[in-house]
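Enquirer: See start_31.cif below, with mmCIF, C-alpha atoms.
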```cif
data_input
#
loop_
_atom_site.group_PDB
_atom_site.id
_atom_site.type_symbol
_atom_site.label_atom_id
_atom_site.label_comp_id
_atom_site.auth_asym_id
_atom_site.auth_seq_id
_atom_site.Cartn_x
_atom_site.Cartn_y
_atom_site.Cartn_z
ATOM 1 C CA MET A 1393 -144.303 113.641 -81.207
ATOM 2 C CA ASP A 1394 -146.954 110.993 -81.827
ATOM 3 C CA ARG A 1395 -149.687 110.163 -79.342
ATOM 4 C CA ASP A 1396 -148.078 106.918 -78.051
ATOM 5 C CA THR A 1397 -144.765 108.639 -77.250
ATOM 6 C CA ALA A 1398 -146.580 111.456 -75.472
ATOM 7 C CA ALA A 1399 -148.638 108.984 -73.446
ATOM 8 C CA THR A 1400 -145.496 107.039 -72.448
ATOM 9 C CA ALA A 1401 -143.692 110.244 -71.453
ATOM 10 C CA LEU A 1402 -146.722 111.338 -69.428
ATOM 11 C CA ALA A 1403 -146.879 107.953 -67.665
ATOM 12 C CA LEU A 1404 -143.145 108.118 -66.817
ATOM 13 C CA VAL A 1405 -143.347 111.655 -65.467
ATOM 14 C CA THR A 1406 -146.427 110.704 -63.432
ATOM 15 C CA LEU A 1407 -144.685 107.648 -61.975
ATOM 16 C CA ILE A 1408 -141.587 109.632 -60.957
ATOM 17 C CA ALA A 1409 -143.702 112.402 -59.430
ATOM 18 C CA VAL A 1410 -145.814 109.914 -57.459
ATOM 19 C CA PHE A 1411 -142.673 108.197 -56.077
ATOM 20 C CA ALA A 1412 -141.194 111.564 -55.108
ATOM 21 C CA VAL A 1413 -144.339 112.557 -53.238
ATOM 22 C CA MET A 1414 -144.743 109.157 -51.541
ATOM 23 C CA GLU A 1415 -141.053 108.926 -50.529
ATOM 24 C CA PRO A 1416 -141.575 110.039 -46.891
ATOM 25 C CA ILE A 1417 -144.039 107.235 -46.202
ATOM 26 C CA ILE A 1418 -142.349 104.424 -48.136
ATOM 27 C CA PRO A 1419 -140.657 102.156 -45.555
ATOM 28 C CA THR A 1420 -136.906 101.895 -46.079
ATOM 29 C CA ASN A 1421 -135.124 98.589 -45.960
ATOM 30 C CA GLN A 1422 -131.868 99.775 -44.418
ATOM 31 C CA VAL A 1423 -129.389 97.448 -42.727
ATOM 32 C CA ARG A 1424 -129.528 97.875 -38.948
ATOM 33 C CA PHE A 1425 -126.337 97.785 -36.956
ATOM 34 C CA SER A 1426 -124.383 99.265 -34.059
ATOM 35 C CA GLU A 1427 -120.754 100.338 -33.904
ATOM 36 C CA LEU A 1428 -118.149 99.934 -31.194
ATOM 37 C CA GLY A 1429 -114.631 101.316 -31.357
ATOM 38 C CA VAL A 1430 -111.814 101.738 -28.877
ATOM 39 C CA LEU A 1431 -109.595 104.771 -29.436
ATOM 40 C CA GLY A 1432 -106.229 105.616 -27.936
ATOM 41 C CA PRO A 1433 -105.463 108.413 -25.454
ATOM 42 C CA ASN A 1434 -105.399 110.936 -28.343
ATOM 43 C CA MET A 1435 -108.875 109.933 -29.532
ATOM 44 C CA THR A 1436 -107.375 108.284 -32.597
ATOM 45 C CA ILE A 1437 -107.063 104.718 -33.844
ATOM 46 C CA GLY A 1438 -103.509 104.206 -32.657
ATOM 47 C CA GLY A 1439 -101.164 105.149 -29.874
ATOM 48 C CA TYR A 1440 -102.646 102.482 -27.632
ATOM 49 C CA PRO A 1441 -100.722 101.915 -24.407
ATOM 50 C CA THR A 1442 -99.037 98.527 -24.143
ATOM 51 C CA ASN A 1443 -97.461 98.833 -20.693
ATOM 52 C CA VAL A 1444 -99.097 100.325 -17.626
ATOM 53 C CA THR A 1445 -98.263 100.223 -13.955
ATOM 54 C CA GLN A 1446 -100.544 98.605 -11.430
ATOM 55 C CA GLY A 1447 -102.972 101.183 -10.057
ATOM 56 C CA GLY A 1448 -101.833 103.757 -12.615
ATOM 57 C CA ALA A 1449 -104.370 105.724 -14.624
ATOM 58 C CA LEU A 1450 -105.182 104.359 -18.042
ATOM 59 C CA ARG A 1451 -107.141 106.687 -20.315
ATOM 60 C CA LEU A 1452 -108.787 105.531 -23.516
ATOM 61 C CA TYR A 1453 -111.822 106.602 -25.527
ATOM 62 C CA CYS A 1454 -114.762 104.564 -26.649
ATOM 63 C CA TYR A 1455 -116.863 105.187 -29.746
ATOM 64 C CA VAL A 1456 -120.433 103.903 -30.032
ATOM 65 C CA GLY A 1457 -122.692 104.407 -33.041
ATOM 66 C CA ASN A 1458 -126.393 103.638 -33.394
ATOM 67 C CA HIS A 1459 -127.897 102.669 -36.762
ATOM 68 C CA GLU A 1460 -130.559 100.358 -35.366
ATOM 69 C CA GLY A 1461 -133.471 102.417 -36.660
ATOM 70 C CA ALA A 1462 -134.589 103.268 -33.114
ATOM 71 C CA VAL A 1463 -133.402 104.821 -29.870
ATOM 72 C CA THR A 1464 -131.075 102.299 -28.213
ATOM 73 C CA TYR A 1465 -129.889 101.895 -24.631
ATOM 74 C CA TYR A 1466 -126.274 100.702 -24.694
ATOM 75 C CA GLN A 1467 -123.926 99.376 -22.072
ATOM 76 C CA VAL A 1468 -120.208 99.098 -22.727
ATOM 77 C CA MET A 1469 -118.680 96.505 -20.411
ATOM 78 C CA VAL A 1470 -114.962 96.538 -19.813
ATOM 79 C CA LYS A 1471 -113.588 93.179 -18.699
ATOM 80 C CA LEU A 1472 -110.080 92.104 -17.811
ATOM 81 C CA GLY A 1473 -109.166 88.758 -19.309
ATOM 82 C CA ASN A 1474 -106.030 86.904 -20.270
ATOM 83 C CA SER A 1475 -104.833 84.877 -23.230
ATOM 84 C CA ALA A 1476 -107.135 81.999 -22.237
ATOM 85 C CA THR A 1477 -110.287 84.110 -22.103
ATOM 86 C CA PHE A 1478 -112.706 83.131 -24.830
ATOM 87 C CA VAL A 1479 -114.819 85.793 -26.468
ATOM 88 C CA SER A 1480 -116.614 85.729 -29.817
ATOM 89 C CA ASN A 1481 -119.465 87.328 -31.723
ATOM 90 C CA ALA A 1482 -121.824 84.874 -30.046
ATOM 91 C CA THR A 1483 -120.355 84.512 -26.561
ATOM 92 C CA SER A 1484 -119.375 87.291 -24.209
ATOM 93 C CA ALA A 1485 -116.151 86.943 -22.223
ATOM 94 C CA ASP A 1486 -116.310 85.068 -18.952
ATOM 95 C CA ALA A 1487 -113.968 87.496 -17.216
ATOM 96 C CA PRO A 1488 -114.286 89.935 -14.335
ATOM 97 C CA GLU A 1489 -116.000 93.196 -15.242
ATOM 98 C CA ILE A 1490 -113.888 96.132 -14.138
ATOM 99 C CA HIS A 1491 -116.095 98.942 -15.392
ATOM 100 C CA SER A 1492 -119.248 99.620 -17.351
ATOM 101 C CA TYR A 1493 -120.641 102.670 -19.110
ATOM 102 C CA SER A 1494 -124.319 103.193 -19.919
ATOM 103 C CA LEU A 1495 -125.669 105.542 -22.549
ATOM 104 C CA VAL A 1496 -128.741 106.096 -24.675
ATOM 105 C CA LEU A 1497 -128.342 107.032 -28.333
ATOM 106 C CA ALA A 1498 -130.946 108.250 -30.802
ATOM 107 C CA ASP A 1499 -131.039 106.613 -34.223
ATOM 108 C CA ASN A 1500 -128.170 107.578 -36.551
ATOM 109 C CA LYS A 1501 -126.228 109.195 -33.697
ATOM 110 C CA SER A 1502 -122.819 108.363 -32.328
ATOM 111 C CA THR A 1503 -120.760 109.415 -29.372
ATOM 112 C CA THR A 1504 -117.193 109.215 -28.120
ATOM 113 C CA PHE A 1505 -116.604 109.197 -24.383
ATOM 114 C CA PRO A 1506 -113.528 108.883 -22.160
ATOM 115 C CA VAL A 1507 -112.759 105.597 -20.427
ATOM 116 C CA ASN A 1508 -110.682 106.000 -17.278
ATOM 117 C CA LEU A 1509 -109.410 102.759 -15.817
ATOM 118 C CA LYS A 1510 -107.137 101.596 -13.037
ATOM 119 C CA LEU A 1511 -105.837 98.050 -13.256
ATOM 120 C CA ASN A 1512 -105.120 96.357 -9.956
ATOM 121 C CA THR A 1513 -103.832 93.075 -11.356
ATOM 122 C CA THR A 1514 -100.322 92.552 -12.694
ATOM 123 C CA GLY A 1515 -99.550 90.290 -15.643
ATOM 124 C CA THR A 1516 -98.369 90.105 -19.208
ATOM 125 C CA ASN A 1517 -100.574 89.899 -22.259
ATOM 126 C CA LEU A 1518 -103.665 90.754 -20.276
ATOM 127 C CA ARG A 1519 -106.660 91.579 -22.423
ATOM 128 C CA LEU A 1520 -108.889 94.570 -21.843
ATOM 129 C CA ILE A 1521 -112.076 93.392 -23.473
ATOM 130 C CA PHE A 1522 -114.768 95.913 -24.457
ATOM 131 C CA GLU A 1523 -118.192 94.445 -25.115
ATOM 132 C CA LEU A 1524 -121.297 96.240 -26.387
ATOM 133 C CA TRP A 1525 -124.620 95.245 -24.829
ATOM 134 C CA THR A 1526 -128.080 96.638 -25.596
ATOM 135 C CA PHE A 1527 -131.180 96.791 -23.453
ATOM 136 C CA ASP A 1528 -133.792 94.389 -24.759
ATOM 137 C CA ILE A 1529 -137.260 95.800 -24.128
ATOM 138 C CA SER A 1530 -139.079 92.465 -24.325
ATOM 139 C CA SER A 1531 -136.930 90.786 -21.654
ATOM 140 C CA SER A 1532 -136.098 93.999 -19.719
ATOM 141 C CA GLN A 1533 -132.431 93.102 -19.532
ATOM 142 C CA PHE A 1534 -129.226 93.748 -21.414
ATOM 143 C CA ALA A 1535 -128.275 91.402 -24.240
ATOM 144 C CA TYR A 1536 -124.843 90.944 -25.824
ATOM 145 C CA THR A 1537 -124.720 92.442 -29.338
ATOM 146 C CA GLY A 1538 -121.757 90.326 -30.419
ATOM 147 C CA LEU A 1539 -119.604 93.421 -30.872
ATOM 148 C CA TRP A 1540 -116.346 93.445 -28.965
ATOM 149 C CA ASN A 1541 -112.862 94.908 -29.054
ATOM 150 C CA GLN A 1542 -109.745 94.201 -27.114
ATOM 151 C CA LEU A 1543 -106.495 95.789 -26.069
ATOM 152 C CA VAL A 1544 -103.541 93.564 -25.110
ATOM 153 C CA ILE A 1545 -101.640 95.118 -22.277
ATOM 154 C CA ASN A 1546 -98.866 94.384 -19.761
ATOM 155 C CA VAL A 1547 -99.447 95.510 -16.203
ATOM 156 C CA THR A 1548 -96.325 95.818 -14.061
ATOM 157 C CA ASP A 1549 -95.776 96.588 -10.392
ATOM 158 C CA GLY A 1550 -95.872 100.255 -9.530
ATOM 159 C CA PRO A 1551 -92.632 102.160 -8.850
ATOM 160 C CA MET B 1245 -133.262 130.700 37.049
ATOM 161 C CA ARG B 1246 -134.090 128.558 34.021
ATOM 162 C CA PRO B 1247 -137.261 126.452 34.070
ATOM 163 C CA PRO B 1248 -136.554 122.678 34.425
ATOM 164 C CA TRP B 1249 -138.077 121.753 31.057
ATOM 165 C CA THR B 1250 -135.423 123.699 29.086
ATOM 166 C CA GLY B 1251 -132.879 120.948 29.757
ATOM 167 C CA VAL B 1252 -135.277 118.312 28.434
ATOM 168 C CA LEU B 1253 -135.921 120.440 25.354
ATOM 169 C CA ALA B 1254 -132.190 120.840 24.716
ATOM 170 C CA LEU B 1255 -131.715 117.059 25.003
ATOM 171 C CA ILE B 1256 -134.540 116.365 22.539
ATOM 172 C CA ALA B 1257 -133.098 118.935 20.109
ATOM 173 C CA MET B 1258 -129.647 117.330 20.365
ATOM 174 C CA ILE B 1259 -131.024 113.831 19.670
ATOM 175 C CA TRP B 1260 -133.020 115.178 16.747
ATOM 176 C CA LEU B 1261 -129.947 116.903 15.264
ATOM 177 C CA ILE B 1262 -127.800 113.772 15.632
ATOM 178 C CA SER B 1263 -130.441 111.585 13.979
ATOM 179 C CA LEU B 1264 -130.828 114.151 11.191
ATOM 180 C CA SER B 1265 -127.104 114.356 10.485
ATOM 181 C CA SER B 1266 -126.657 110.562 10.575
ATOM 182 C CA GLY B 1267 -129.596 110.256 8.182
ATOM 183 C CA PHE B 1268 -127.873 112.571 5.676
ATOM 184 C CA ALA B 1269 -124.531 110.809 5.937
ATOM 185 C CA ARG B 1270 -125.757 107.269 5.360
ATOM 186 C CA ALA B 1271 -124.784 105.520 2.140
ATOM 187 C CA ALA B 1272 -127.419 105.041 -0.549
ATOM 188 C CA THR B 1273 -129.010 101.615 -0.321
ATOM 189 C CA ASN B 1274 -129.369 98.970 -3.014
ATOM 190 C CA GLY B 1275 -133.085 99.708 -3.002
ATOM 191 C CA GLU B 1276 -132.443 103.332 -3.939
ATOM 192 C CA PHE B 1277 -130.099 102.254 -6.735
ATOM 193 C CA ASN B 1278 -132.715 99.759 -7.972
ATOM 194 C CA THR B 1279 -135.400 102.454 -7.913
ATOM 195 C CA ALA B 1280 -133.235 104.776 -10.020
ATOM 196 C CA THR B 1281 -132.259 101.955 -12.410
ATOM 197 C CA ASN B 1282 -135.886 100.870 -12.864
ATOM 198 C CA ALA B 1283 -137.006 104.469 -13.415
ATOM 199 C CA ILE B 1284 -134.348 104.897 -16.122
ATOM 200 C CA GLU B 1285 -135.293 101.614 -17.806
ATOM 201 C CA SER B 1286 -138.986 102.586 -17.802
ATOM 202 C CA ALA B 1287 -138.080 106.000 -19.183
ATOM 203 C CA PHE B 1288 -136.043 104.364 -21.947
ATOM 204 C CA VAL B 1289 -138.989 102.141 -22.939
ATOM 205 C CA ALA B 1290 -141.233 105.234 -23.063
ATOM 206 C CA VAL B 1291 -138.680 107.170 -25.156
ATOM 207 C CA HIS B 1292 -138.206 104.184 -27.478
ATOM 208 C CA ASN B 1293 -141.961 103.961 -28.061
ATOM 209 C CA ALA B 1294 -142.182 107.724 -28.620
ATOM 210 C CA GLY B 1295 -139.393 107.429 -31.209
ATOM 211 C CA GLN B 1296 -141.159 104.532 -32.945
ATOM 212 C CA ASN B 1297 -144.271 106.711 -33.142
ATOM 213 C CA GLY B 1298 -142.266 109.322 -35.039
ATOM 214 C CA GLY B 1299 -141.726 111.726 -32.151
ATOM 215 C CA ASN B 1300 -138.653 113.938 -31.877
ATOM 216 C CA VAL B 1301 -136.878 112.320 -28.928
ATOM 217 C CA SER B 1302 -133.533 114.147 -29.022
ATOM 218 C CA GLU B 1303 -134.269 116.237 -25.893
ATOM 219 C CA LEU B 1304 -135.601 113.219 -24.025
ATOM 220 C CA VAL B 1305 -132.456 111.250 -24.926
ATOM 221 C CA THR B 1306 -130.279 114.095 -23.588
ATOM 222 C CA GLU B 1307 -132.228 114.110 -20.302
ATOM 223 C CA LEU B 1308 -132.042 110.333 -20.039
ATOM 224 C CA ASN B 1309 -128.272 110.449 -20.497
ATOM 225 C CA THR B 1310 -128.038 113.070 -17.750
ATOM 226 C CA ALA B 1311 -129.987 110.723 -15.458
ATOM 227 C CA LEU B 1312 -127.656 107.862 -16.410
ATOM 228 C CA ASN B 1313 -124.599 110.003 -15.673
ATOM 229 C CA LEU B 1314 -126.034 110.873 -12.250
ATOM 230 C CA LEU B 1315 -126.629 107.179 -11.547
ATOM 231 C CA GLN B 1316 -123.076 106.258 -12.543
ATOM 232 C CA LYS B 1317 -121.722 109.188 -10.527
ATOM 233 C CA ALA B 1318 -123.688 107.995 -7.501
ATOM 234 C CA GLN B 1319 -122.262 104.493 -7.883
ATOM 235 C CA ALA B 1320 -118.734 105.899 -8.001
ATOM 236 C CA GLU B 1321 -119.090 108.277 -5.056
ATOM 237 C CA ASN B 1322 -121.332 106.223 -2.753
ATOM 238 C CA ALA B 1323 -118.380 105.028 -0.650
ATOM 239 C CA THR B 1324 -116.685 108.406 -0.341
ATOM 240 C CA ASN B 1325 -119.542 110.909 -0.439
ATOM 241 C CA PRO B 1326 -122.815 109.149 0.452
ATOM 242 C CA THR B 1327 -124.770 112.363 0.907
ATOM 243 C CA GLN B 1328 -123.994 113.481 -2.621
ATOM 244 C CA ALA B 1329 -124.646 109.955 -3.931
ATOM 245 C CA ALA B 1330 -128.128 109.910 -2.358
ATOM 246 C CA THR B 1331 -128.897 113.343 -3.809
ATOM 247 C CA ASP B 1332 -127.691 112.266 -7.256
ATOM 248 C CA LEU B 1333 -129.827 109.136 -7.107
ATOM 249 C CA GLN B 1334 -132.915 111.139 -6.196
ATOM 250 C CA ASN B 1335 -132.220 113.575 -9.023
ATOM 251 C CA ALA B 1336 -131.659 110.710 -11.473
ATOM 252 C CA THR B 1337 -134.941 109.080 -10.445
ATOM 253 C CA SER B 1338 -136.993 112.262 -10.700
ATOM 254 C CA MET B 1339 -135.356 113.138 -14.017
ATOM 255 C CA ALA B 1340 -136.177 109.689 -15.428
ATOM 256 C CA GLU B 1341 -139.759 109.970 -14.191
ATOM 257 C CA GLY B 1342 -139.993 113.363 -15.903
ATOM 258 C CA VAL B 1343 -138.749 111.814 -19.144
ATOM 259 C CA SER B 1344 -141.364 109.041 -18.866
ATOM 260 C CA ALA B 1345 -144.103 111.609 -18.358
ATOM 261 C CA ALA B 1346 -142.951 113.791 -21.265
ATOM 262 C CA SER B 1347 -142.656 110.818 -23.630
ATOM 263 C CA ALA B 1348 -146.431 110.442 -23.943
ATOM 264 C CA SER B 1349 -146.914 113.934 -25.390
ATOM 265 C CA VAL B 1350 -143.870 113.491 -27.691
ATOM 266 C CA ALA B 1351 -145.376 110.240 -28.973
ATOM 267 C CA GLN B 1352 -148.718 111.975 -29.582
ATOM 268 C CA ALA B 1353 -147.009 114.807 -31.465
ATOM 269 C CA GLY B 1354 -145.103 112.230 -33.522
ATOM 270 C CA ASN B 1355 -148.309 110.386 -34.369
ATOM 271 C CA ALA B 1356 -150.017 113.621 -35.413
ATOM 272 C CA ALA B 1357 -147.037 114.640 -37.579
ATOM 273 C CA ARG B 1358 -146.973 111.185 -39.148
ATOM 274 C CA ARG B 1359 -150.686 111.413 -40.012
ATOM 275 C CA VAL B 1360 -150.138 114.837 -41.628
ATOM 276 C CA THR B 1361 -147.207 113.479 -43.666
ATOM 277 C CA MET B 1362 -149.261 110.464 -44.710
ATOM 278 C CA ALA B 1363 -152.235 112.615 -45.741
ATOM 279 C CA THR B 1364 -149.978 115.055 -47.647
ATOM 280 C CA SER B 1365 -148.199 112.259 -49.493
ATOM 281 C CA ILE B 1366 -151.333 110.340 -50.434
ATOM 282 C CA GLY B 1367 -153.178 113.545 -51.359
ATOM 283 C CA GLY B 1368 -150.244 114.748 -53.470
ATOM 284 C CA ALA B 1369 -149.930 111.418 -55.258
ATOM 285 C CA SER B 1370 -153.668 111.310 -55.959
ATOM 286 C CA ALA B 1371 -153.589 114.857 -57.345
ATOM 287 C CA ILE B 1372 -150.687 113.968 -59.647
ATOM 288 C CA VAL B 1373 -152.485 110.867 -60.975
ATOM 289 C CA ILE B 1374 -155.733 112.803 -61.534
ATOM 290 C CA ALA B 1375 -153.815 115.575 -63.330
ATOM 291 C CA ALA B 1376 -152.084 112.987 -65.534
ATOM 292 C CA VAL B 1377 -155.404 111.357 -66.491
ATOM 293 C CA LEU B 1378 -156.925 114.760 -67.304
ATOM 294 C CA ILE B 1379 -153.902 115.670 -69.405
ATOM 295 C CA TYR B 1380 -154.186 112.333 -71.237
ATOM 296 C CA ILE B 1381 -157.894 112.842 -71.988
ATOM 297 C CA PHE B 1382 -158.045 116.583 -72.633
ATOM 298 C CA GLY B 1383 -154.381 117.303 -73.400
ATOM 299 C CA ASP B 1384 -154.792 117.524 -77.195
ATOM 300 C CA ARG B 1385 -157.775 119.822 -76.984
ATOM 301 C CA ILE B 1386 -156.079 122.098 -74.434
ATOM 302 C CA PHE B 1387 -152.871 122.183 -76.489
ATOM 303 C CA ARG B 1388 -154.720 123.171 -79.687
ATOM 304 C CA ARG B 1389 -156.675 125.896 -77.920
ATOM 305 C CA LEU B 1390 -153.487 127.239 -76.400
ATOM 306 C CA TRP B 1391 -151.813 127.126 -79.803
ATOM 307 C CA LEU B 1392 -154.671 129.065 -81.353
ATOM 308 C CA PHE B 1393 -154.594 131.589 -78.525
ATOM 309 C CA VAL B 1394 -150.854 132.187 -78.897
ATOM 310 C CA TYR B 1395 -150.894 132.442 -82.718
ATOM 311 C CA ARG B 1396 -154.295 134.176 -83.040
ATOM 312 C CA ASN B 1397 -152.775 137.338 -84.603
ATOM 313 C CA PHE B 1398 -150.620 135.517 -87.147
ATOM 314 C CA VAL B 1399 -151.574 135.832 -90.807
ATOM 315 C CA VAL B 1400 -151.012 133.017 -93.268
ATOM 316 C CA ARG B 1401 -149.741 134.304 -96.608
ATOM 317 C CA PRO B 1402 -149.137 132.307 -99.775
ATOM 318 C CA PRO B 1403 -145.474 131.891 -100.679
ATOM 319 C CA ILE B 1404 -144.046 134.598 -102.910
ATOM 320 C CA GLY B 1405 -143.148 133.624 -106.442
#
```
Rewrite the structure from the file as structure tokens, please.

Expert:
Amino acid sequence: MDRDTAATALALVTLIAVFAVMEPIIPTNQVRFSELGVLGPNMTIGGYPTNVTQGGALRLYCYVGNHEGAVTYYQVMVKLGNSATFVSNATSADAPEIHSYSLVLADNKSTTFPVNLKLNTTGTNLRLIFELWTFDISSSQFAYTGLWNQLVINVTDGP
Amino acid sequence: MRPPWTGVLALIAMIWLISLSSGFARAATNGEFNTATNAIESAFVAVHNAGQNGGNVSELVTELNTALNLLQKAQAENATNPTQAATDLQNATSMAEGVSAASASVAQAGNAARRVTMATSIGGASAIVIAAVLIYIFGDRIFRRLWLFVYRNFVVRPPIG
């Protein structure tokens, strides 16, 4: 091995070793995001109820994941809308809130919790809208993340 | 015959008991809910800052979620069981205040751990670079000396024939 090759190999090994040692303090450029999912009564994606009776128990599960790079204070708002209710990634639904769940999640953690609802309004093609809000430290109030899910449901009179 | 003041004492005791029981049975007020909510929000800010400083906040997050559950439980039961709701609110508030207080030491520990990591990384990298430079400058000499040391007992003979 000539001197130039040895010097190049030494430089490469040094570079790799320095990167390995500095890895814990090199800031990562990871994408930051949150997750919101609505699961059926069996805690799976599927088996969602389509017909419920007024005042009857409706059990679902909600999944929230935190990849924001920091501890995050979440609020899941459950709203009852109809086919005319507008909701998007920028605008939260202007519909009555029927329940809300608050939770704090550490970074890179997720949780699944039960959602027990009772619907007191009858109608067809009603929309159960789940919105994810986060607590904004600078304004000291919750802000809409733009994440939402919905479940279309028919609520009939009780027996 | 009983002294006349015993009747007055009994009346005072009765009034005191009634006021005490009505005080326990009253529903939690909006002010109490606001106090608990504000305490939880302050605790969250403290935990968030501790996390940003590199502290291990998993226990604080668990406690904060317990406080949140108590708050939500109090909201649900305030109409049916106000005594329990008031107790839950007080517990939620004190728990959140405890989290706020503990966050400072967690943040300090995180800062200290971060400084140690930083010093270890920079020190390690510097040592590697210095070792590489020394190897580059003195590598040949060291290699030859090592070679001589390893083969010091070998004898060089002329080829036969």

Enquirer: For chain A, which residues have at least one atom within 7 Å of chain B, if we go by all atoms listed in the file? Write them as a PyMOL selection string, please.

Expert: chain A and resi 1399+1402+1406+1410+1413-1414+1417+1462-1463+1494-1498+1529

Enquirer: Restricting the calculation to only C-alpha atoms: of A:Ser1492, A:Ser1475, A:Thr1526, A:Thr1514, which residue gets closest to Val1547 of chain A?

Expert: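 Among the listed residues, the smallest separation from Val1547 of chain A belongs to A:Thr1514.
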
Enquirer: Which distance in Å separates atom CA of Gly1432 of chain A and atom CA of Thr1548 of chain A, to one decimal?

Expert: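 Rounded to one decimal, the two atoms are 19.7 Å apart.
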
Enquirer: State, in Å with one decimal place, the distance from atom CA of Leu1543 of chain A to atom CA of Asn1458 of chain A.

Expert: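 Computed distance, atom CA of Leu1543 of chain A to atom CA of Asn1458 of chain A, equals 22.6 Å.
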
Enquirer: So which residues touch Asn1325 of chain B within 9 Å, counting only C-alpha atoms, skipping near sequence neighbours fewer than 4 positions away, as a ChimeraX atom specification?

Expert: /B:1269,1271,1318,1321,1329-1330

Enquirer: Output C-alpha atoms of each residue in that selection to a file, as a PDB file, in the coordinates of the input.

Expert:
```pdb
ATOM      1  CA  ALA B1269    -124.531 110.809   5.937  1.00  0.00           C
ATOM      2  CA  ALA B1271    -124.784 105.520   2.140  1.00  0.00           C
ATOM      3  CA  ALA B1318    -123.688 107.995  -7.501  1.00  0.00           C
ATOM      4  CA  GLU B1321    -119.090 108.277  -5.056  1.00  0.00           C
ATOM      5  CA  ALA B1329    -124.646 109.955  -3.931  1.00  0.00           C
ATOM      6  CA  ALA B1330    -128.128 109.910  -2.358  1.00  0.00           C
TER       7      ALA B1330
END
```

Enquirer: Report, in Å with one decimal, the straight-line distance from atom CA of Ser1502 of chain A to atom CA of Val1444 of chain A.

Expert: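 According to the coordinates, atom CA of Ser1502 of chain A and atom CA of Val1444 of chain A are separated by 29.0 Å.
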
Enquirer: Rebuild N, CA and C atoms on segment 1280-1292 of chain B, as a PDB file, in the coordinates of the input?

Expert:
```
ATOM      1  N   ALA B1280    -133.746 103.894  -8.959  1.00  0.00           N
ATOM      2  CA  ALA B1280    -133.235 104.776 -10.020  1.00  0.00           C
ATOM      3  C   ALA B1280    -133.051 103.993 -11.325  1.00  0.00           C
ATOM      4  N   THR B1281    -132.492 102.778 -11.213  1.00  0.00           N
ATOM      5  CA  THR B1281    -132.259 101.955 -12.410  1.00  0.00           C
ATOM      6  C   THR B1281    -133.589 101.626 -13.088  1.00  0.00           C
ATOM      7  N   ASN B1282    -134.574 101.217 -12.291  1.00  0.00           N
ATOM      8  CA  ASN B1282    -135.886 100.870 -12.864  1.00  0.00           C
ATOM      9  C   ASN B1282    -136.551 102.083 -13.510  1.00  0.00           C
ATOM     10  N   ALA B1283    -136.410 103.241 -12.852  1.00  0.00           N
ATOM     11  CA  ALA B1283    -137.006 104.469 -13.415  1.00  0.00           C
ATOM     12  C   ALA B1283    -136.368 104.794 -14.763  1.00  0.00           C
ATOM     13  N   ILE B1284    -135.050 104.609 -14.859  1.00  0.00           N
ATOM     14  CA  ILE B1284    -134.348 104.897 -16.122  1.00  0.00           C
ATOM     15  C   ILE B1284    -134.762 103.895 -17.202  1.00  0.00           C
ATOM     16  N   GLU B1285    -134.890 102.630 -16.815  1.00  0.00           N
ATOM     17  CA  GLU B1285    -135.293 101.614 -17.806  1.00  0.00           C
ATOM     18  C   GLU B1285    -136.718 101.879 -18.309  1.00  0.00           C
ATOM     19  N   SER B1286    -137.604 102.256 -17.392  1.00  0.00           N
ATOM     20  CA  SER B1286    -138.986 102.586 -17.802  1.00  0.00           C
ATOM     21  C   SER B1286    -138.990 103.801 -18.718  1.00  0.00           C
ATOM     22  N   ALA B1287    -138.158 104.785 -18.357  1.00  0.00           N
ATOM     23  CA  ALA B1287    -138.080 106.000 -19.183  1.00  0.00           C
ATOM     24  C   ALA B1287    -137.559 105.656 -20.571  1.00  0.00           C
ATOM     25  N   PHE B1288    -136.572 104.755 -20.634  1.00  0.00           N
ATOM     26  CA  PHE B1288    -136.043 104.364 -21.947  1.00  0.00           C
ATOM     27  C   PHE B1288    -137.132 103.710 -22.796  1.00  0.00           C
ATOM     28  N   VAL B1289    -137.910 102.819 -22.195  1.00  0.00           N
ATOM     29  CA  VAL B1289    -138.989 102.141 -22.939  1.00  0.00           C
ATOM     30  C   VAL B1289    -139.974 103.187 -23.481  1.00  0.00           C
ATOM     31  N   ALA B1290    -140.298 104.177 -22.642  1.00  0.00           N
ATOM     32  CA  ALA B1290    -141.233 105.234 -23.063  1.00  0.00           C
ATOM     33  C   ALA B1290    -140.641 106.053 -24.209  1.00  0.00           C
ATOM     34  N   VAL B1291    -139.340 106.380 -24.101  1.00  0.00           N
ATOM     35  CA  VAL B1291    -138.680 107.170 -25.156  1.00  0.00           C
ATOM     36  C   VAL B1291    -138.605 106.352 -26.446  1.00  0.00           C
ATOM     37  N   HIS B1292    -138.277 105.073 -26.310  1.00  0.00           N
ATOM     38  CA  HIS B1292    -138.206 104.184 -27.478  1.00  0.00           C
ATOM     39  C   HIS B1292    -139.547 104.154 -28.214  1.00  0.00           C
TER      40      HIS B1292
END
```
